[in-house]
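A.B. asks: Take a look at this one; I'll ask things after.
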Amino acid sequence: MINIALPKGRLGDQVYRLFASIGYVCRELGDESRKLIFEDEKTGVRYFLVKPLDVGIYVEQGIADIGVAGKDMLLETQPDVYELLDLGLGQCELSVAAPNAYQEDRESVLRVATKYPNIARQYYQNRNREIDIIKLNGSIELAPILGLSDVIVDIVETGTTLRENNLKVYEHIAPSSALLIANISSYKFKQQAIQTMLNALLRILKP
């Protein structure tokens with residue numbers, strides 16, 4: 001049995017469809033259900049549905065043999081895992097955004113609202129910029145609009161939400177997309193099973 005941690009939500013649905021297309025089907029997973037663990041003995045697969053930020057932790061700790069996590073989540077949590085393959089799903093950009101008319105005051109402490117405090121801290125540390133991090137969990141775009149922060153650090157996919165709220169990207173930090181990751185011990189002891197899946201993904205992603 002190969003244990004797979006899937007992120008909850010739209011990305012997880014896309015990843016499951018990708019895995020199902022190469023034979024890793026779990027019929028029950030497609031049903032309307034509040035279950036978090038799904039397994040299929042016939043295909044030898046067990047799926048866990050977890051929060052995107054937690055995928056790397058489940059894989060690092062060996063609860064899951066492999067998982068799929070956005071590069072943004074991996075940069076934020078820094079789990080000790082193998083990064084095997086970029087699946088090309090969930091493509092976006094980690095960026096600094098602010099109101100259209102924003103002008104940075106280099107003499108003052110920069111207030112940064114984000115759900116990625118570690119990424120933001122490292123980014124501005126590399127720029128020798130003093131910041132005050134305001135950790136938020138959602139609706140990050142509201143922070144500069146209402147005066148809670150000067151800028152935000154967040155993922156940007158299409159930029160529509162920013163434009164509709166009179167915000168724009170000022171700096172690019174890093175690209176992000178969904179990566180297939182593996183537990184270090186599992187990659188050794190279940191290498192054949194993991195490599196079989198990896199080869200099947202490579203065939204359909206890179207013909």
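Ordering of the structure tokens sets the chain letters (A, B, ...), residue numbers begin anew at 1 in every chain, and ligands are numbered from 1 in the order given.
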Give me, as a PyMOL selection string, all polymer residues having an atom no more than 12 Å from A:Asp86, counting only C-alpha atoms and skipping those fewer than 3 positions away in the same chain.
C.D. replies: chain A and resi 15+67-71+82-83+89-91+175-181+198+201-202+205-206
A.B. asks: Which residue, A:Gly56, A:Val153, A:Pro7, A:Ser185, has the smallest gap to A:Gln122 when you use only C-alpha atoms?
C.D. replies: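 That would be A:Val153, the residue with the smallest distance to A:Gln122.
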A.B. asks: So which residues of stretch 6-198 of chain A fall under strand (DSSP E) by DSSP, listed as a CSV table (one decimal) with C-alpha atoms, in the first residue's frame?
C.D. replies:
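Result file follows (result_25.csv):
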```csv
chain,number,residue,atom,x,y,z
A,6,LEU,CA,-3.4,15.2,-1.0
A,7,PRO,CA,-4.1,18.8,-0.3
A,37,ILE,CA,-8.9,8.7,4.5
A,38,PHE,CA,-9.7,6.7,1.4
A,39,GLU,CA,-8.1,3.4,0.3
A,40,ASP,CA,-8.4,0.9,-2.5
A,45,VAL,CA,-3.3,3.1,-2.7
A,46,ARG,CA,-4.4,5.0,0.4
A,47,TYR,CA,-5.2,8.8,0.1
A,48,PHE,CA,-5.2,11.2,3.0
A,49,LEU,CA,-6.8,14.6,2.6
A,50,VAL,CA,-5.0,17.3,4.6
A,66,ILE,CA,4.4,10.7,-1.0
A,67,GLY,CA,2.4,13.9,-1.3
A,68,VAL,CA,1.7,16.9,-3.4
A,69,ALA,CA,2.4,20.4,-2.1
A,70,GLY,CA,2.7,23.8,-3.6
A,82,TYR,CA,12.7,14.7,-1.6
A,83,GLU,CA,11.2,16.9,-4.3
A,84,LEU,CA,10.6,14.4,-7.2
A,85,LEU,CA,8.6,16.2,-9.9
A,86,ASP,CA,7.0,19.5,-10.8
A,92,CYS,CA,1.2,31.0,-9.5
A,93,GLU,CA,3.8,33.5,-8.2
A,94,LEU,CA,4.8,34.5,-4.7
A,95,SER,CA,4.8,38.3,-4.9
A,96,VAL,CA,4.8,41.5,-3.0
A,97,ALA,CA,1.7,43.6,-3.7
A,98,ALA,CA,0.5,47.0,-2.5
A,99,PRO,CA,-2.0,49.7,-3.5
A,110,LEU,CA,7.7,48.1,6.5
A,111,ARG,CA,4.5,46.5,7.7
A,112,VAL,CA,3.9,43.2,5.8
A,113,ALA,CA,0.7,41.2,6.0
A,114,THR,CA,1.0,37.6,4.9
A,131,ILE,CA,9.8,44.7,8.7
A,132,ASP,CA,6.9,44.1,11.0
A,133,ILE,CA,5.1,40.9,10.0
A,134,ILE,CA,1.3,40.7,10.5
A,135,LYS,CA,0.3,37.1,10.2
A,151,VAL,CA,2.3,45.7,1.6
A,152,ILE,CA,1.3,42.0,1.4
A,153,VAL,CA,3.2,38.9,0.5
A,154,ASP,CA,0.9,36.4,-1.1
A,155,ILE,CA,0.5,34.1,-4.1
A,156,VAL,CA,-0.8,35.6,-7.3
A,167,LEU,CA,-3.7,46.6,-5.9
A,168,LYS,CA,-0.7,45.6,-8.0
A,169,VAL,CA,2.4,43.4,-7.9
A,170,TYR,CA,5.5,45.4,-7.0
A,171,GLU,CA,8.1,42.6,-6.6
A,172,HIS,CA,8.3,38.9,-7.6
A,173,ILE,CA,9.7,36.5,-5.0
A,174,ALA,CA,9.4,33.0,-6.5
A,175,PRO,CA,7.3,30.9,-8.9
A,176,SER,CA,5.2,28.2,-7.4
A,178,ALA,CA,2.5,21.7,-7.3
A,179,LEU,CA,5.4,19.3,-6.6
A,180,LEU,CA,5.4,15.6,-6.0
A,181,ILE,CA,7.4,15.0,-2.8
A,182,ALA,CA,8.5,11.8,-1.0
```
A.B. asks: Find the residues around A:Glu107 up to 12 Å (only C-alpha atoms counted), leave out those fewer than 4 positions away in its own chain, and share them as a list in words.
C.D. replies: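 Result of the neighbour search: Gln103, Arg129, Glu130 and Ile131 of chain A.
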A.B. asks: In Å to one decimal, how far is atom CA of A:Thr77 from atom CA of A:Leu53?
C.D. replies: 7.5 Å
A.B. asks: Would you mind listing what lies within 9 Å of stretch 188-197 of chain A as a PyMOL selection string, with only C-alpha atoms counted and same-chain residues fewer than 5 positions away left out?
C.D. replies: chain A and resi 1-2+19+22+24+65-66+182-183+202
A.B. asks: Let me make sure I understand: among A:Asp150, A:Glu157, A:Glu76, A:Glu104, which one has the smallest atom-to-atom distance to A:Pro117 if we use only C-alpha atoms?
C.D. replies: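 Among the listed residues, the smallest separation from A:Pro117 belongs to A:Glu76.
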